[in-house]
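Presented below is the structure to which this report refers.
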Amino acid sequence: MVVLSQPALNQFLLLKPCKSTPLFTGIPVVDFTHPDAKNLIVEACRDYGFFKLVNHGVPLELVANLENEALSFFKKSQSEKDRAGPPDPFGYGSKRIGPNGDVGWVEYLLLNTNPEVISPKSLSIFRESPHHFRAVVENYITAVKNMCYAVLELMAEGLGIGQRNTLSRLLKDEKSDSCFRMNHYPPCHEVPEVNRNLVGFGEHTDPQIISVLRSNSTSGLQICLPDGTWVSVPPDQTSFFINVGDALQVMTNGRFKSVKHRVLADTTKSRLSMIYFGGPALSEKIAPLPSVMVKGEESLYKEFTWWEYKKAAYTSRLADNRLAPFEKSAAD
């Protein structure tokens, strides 16, 4: 349990007191085994930039094993956890989100998913952690990656792209710049009863192509609907939630929308989430795909490399519209 005095708590963002946001029952649900899954995926990405995936094929044993290992790590003493930090950006971090002043009621582990690029901080995590933490993480990531490739291939089919590996190949590339994050939101008992809106992770979009989220049964995740309304996502620890990222919004020339989302901390229960962020190689050029666009359609975005966008994204604040500088103006 984390206990802070009220002055210390004030550094965290407290949303204005409001009625509790009801759980939203309209989240699209895609059954991976459904004959029309490719079109259901496209429809969900177009309308919400977000959907729940069921019958996904990832063994729940792998999920449970990783959750147990992650909780064991986060239950360690602060001094033990700090040996795996500060993040560089990989490793252990607490409260600070990025280098630009964003904070949240969260502690996390950030790992590179490329086995050829294991950071020293990641190695320290695995050294300090018993029970083959590294093997458990790698087994989970391998299963989630394979599921993610299949989602992207169905997505390409649904979009009418001739080569179904057009999107998945970017993540399969041995130089893919993908990462894996485990967020732990401890319960916060200091929030007054009249205001339980303590931000665990502030509103943002994910810069990569796609994000695959799994969380425990504690609620807290909220997404912003196209009309600007914030709604709470009902938790489902047996399913995965898929987010459209900024790069995919560009590649579809705005057909898919990168979903803005945030997490509110709970006052009584901890929340654990595990997110795979699928990104391309740093040198990969990102631009609207000609195979998606219709004749005469203008590109809404300038071409850029993933490295250029990543550099810009990580020098901004969480809530910034990070795609704005890459949008084409009428003069372009």
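Here's how to read the names in the structure tokens: chain A, B, ... by the order shown, residue numbers from 1 in each chain, ligand numbers from 1 in the order shown.
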- request: Would you mind listing what lies within 9 Å of A:Thr113 as a VMD selection string, with only C-alpha atoms counted and same-chain residues fewer than 6 positions away left out?
  value: chain A and resid 138 141 176 to 180 276
Keeping N, CA and C atoms, export the residues of the selection given above as a PDB file, in the first residue's frame.
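Saved to again30.pdb:
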ATOM      1  N   GLU A 138       8.502 -13.761 -21.556  1.00  0.00           N
ATOM      2  CA  GLU A 138       8.727 -14.072 -22.974  1.00  0.00           C
ATOM      3  C   GLU A 138       7.653 -15.013 -23.525  1.00  0.00           C
ATOM      4  N   ILE A 141       4.589 -12.755 -24.096  1.00  0.00           N
ATOM      5  CA  ILE A 141       4.768 -11.832 -25.227  1.00  0.00           C
ATOM      6  C   ILE A 141       4.705 -12.582 -26.551  1.00  0.00           C
ATOM      7  N   SER A 176      11.746  -4.498 -35.368  1.00  0.00           N
ATOM      8  CA  SER A 176      10.521  -3.875 -34.864  1.00  0.00           C
ATOM      9  C   SER A 176      10.768  -3.193 -33.518  1.00  0.00           C
ATOM     10  N   ASP A 177      10.321  -1.962 -33.415  1.00  0.00           N
ATOM     11  CA  ASP A 177      10.505  -1.181 -32.193  1.00  0.00           C
ATOM     12  C   ASP A 177       9.246  -1.315 -31.323  1.00  0.00           C
ATOM     13  N   SER A 178       9.044  -2.496 -30.784  1.00  0.00           N
ATOM     14  CA  SER A 178       7.883  -2.773 -29.948  1.00  0.00           C
ATOM     15  C   SER A 178       8.318  -2.852 -28.489  1.00  0.00           C
ATOM     16  N   CYS A 179       7.369  -2.662 -27.585  1.00  0.00           N
ATOM     17  CA  CYS A 179       7.712  -2.736 -26.165  1.00  0.00           C
ATOM     18  C   CYS A 179       6.549  -3.314 -25.373  1.00  0.00           C
ATOM     19  N   PHE A 180       6.826  -3.636 -24.131  1.00  0.00           N
ATOM     20  CA  PHE A 180       5.839  -4.275 -23.264  1.00  0.00           C
ATOM     21  C   PHE A 180       5.866  -3.578 -21.913  1.00  0.00           C
ATOM     22  N   TYR A 276       1.055  -4.721 -24.669  1.00  0.00           N
ATOM     23  CA  TYR A 276       2.033  -4.894 -25.746  1.00  0.00           C
ATOM     24  C   TYR A 276       1.802  -3.779 -26.762  1.00  0.00           C
TER      25      TYR A 276
END
task: With a distance cut-off of 9 Å and only C-alpha atoms, select the neighbouring residues of stretch 260-266 of chain A, excluding the residue or stretch itself and same-chain residues fewer than 2 positions from it, and output the selection as a count of residues only.
output: 36
- request: Find the residues near A:His56: any atom within 8 Å, counting only C-alpha atoms, skip ones fewer than 3 places away on the same chain, and give them as JSON, numbers by chain.
  value: {"A": [31, 32, 33, 53, 147, 239, 240]}
message: To test your reading of the structure, identify every residue in stretch 150-271 of chain A that backbone DSSP assigns to helix (DSSP H, G or I), and report it as a count of residues only.
response: 20
I want to know what sits within 12 Å of A:Asp320, based on only C-alpha atoms, with residues of the same chain fewer than 2 positions away left out; could you give that as a compact mmCIF listing (two decimals) with C-alpha atoms, in the first residue's frame?
# COMPACT_ATOMS: atom_id res chain seq x y z
CA ASN A 100 8.12 16.06 -19.49
CA ASP A 102 3.44 14.06 -16.46
CA GLY A 202 -3.46 10.72 -17.89
CA GLU A 203 -5.36 10.97 -21.16
CA HIS A 204 -3.33 10.15 -24.26
CA THR A 205 -3.24 8.19 -27.48
CA ASP A 206 -0.69 5.45 -28.15
CA PRO A 207 1.86 6.44 -30.81
CA LYS A 260 -7.80 8.68 -26.52
CA ALA A 312 8.42 14.09 -31.44
CA ALA A 313 5.95 12.06 -29.35
CA TYR A 314 8.33 11.58 -26.46
CA THR A 315 9.20 15.27 -26.27
CA SER A 316 5.52 16.18 -25.86
CA ARG A 317 3.09 15.97 -22.97
CA LEU A 318 0.75 12.99 -22.69
CA ARG A 322 1.00 14.54 -31.31
CA LEU A 323 -0.17 13.98 -34.87
CA ALA A 324 -0.97 17.66 -35.44
CA PRO A 325 2.54 18.64 -36.70
message: Can you tell me which residues surround A:Ser168 at a distance of at most 12 Å, considering only C-alpha atoms, apart from same-chain residues fewer than 6 positions away, and format the answer as a list in words?
response: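 Within the cut-off, the hits are Lys145, Asn146, Met147, Cys148, Tyr149, Ala150, Val151, Leu152, Glu153, Leu154, Met155, Ala156, Glu157, Ser176, Ile209, Ile210, Leu248, Gly278, Gly279 and Pro280 of chain A.
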task: Could you give me, as a count of residues only, the residues within 7 Å of A:Asn243, counting only C-alpha atoms and dropping anything in the same chain fewer than 2 positions from it?
output: 8
statement: The distance between atom CA of A:Cys45 and atom CA of A:Arg181 is 22.4 Å
- prompt: atom CA of A:Leu66 and atom CA of A:Asp82, how far apart in Å?
  reply: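 Pair atom CA of A:Asp82 / atom CA of A:Leu66 returns 20.3 Å.
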task: Quick one: everything within 8 Å of A:Trp307, counting only C-alpha atoms, minus sequence neighbours fewer than 6 positions away in the same chain. Send it as a count of residues only.
output: 3
query: Closest to A:Ala84 among A:Thr25, A:Leu289, A:Ile97, A:Glu107, using only C-alpha atoms?
result: A:Glu107
- prompt: atom CA of A:Pro235 and atom CA of A:Ser215 are how many Å apart?
  reply: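 For atom CA of A:Pro235 relative to atom CA of A:Ser215, the distance reads 7.1 Å.
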field: Counting only C-alpha atoms, the option among A:Lys310, A:Lys302, A:Lys175, A:Lys38 closest to A:Gln208
entry: A:Lys310
task: Would you list, as a ChimeraX atom specification, the residues of stretch 66-303 of chain A that end up in strand (DSSP E) under DSSP run on this structure's backbone?
output: /A:91-97,102-112,179-185,199-204,210-215,221-224,230-232,240-244,261-264,271-278,285-286
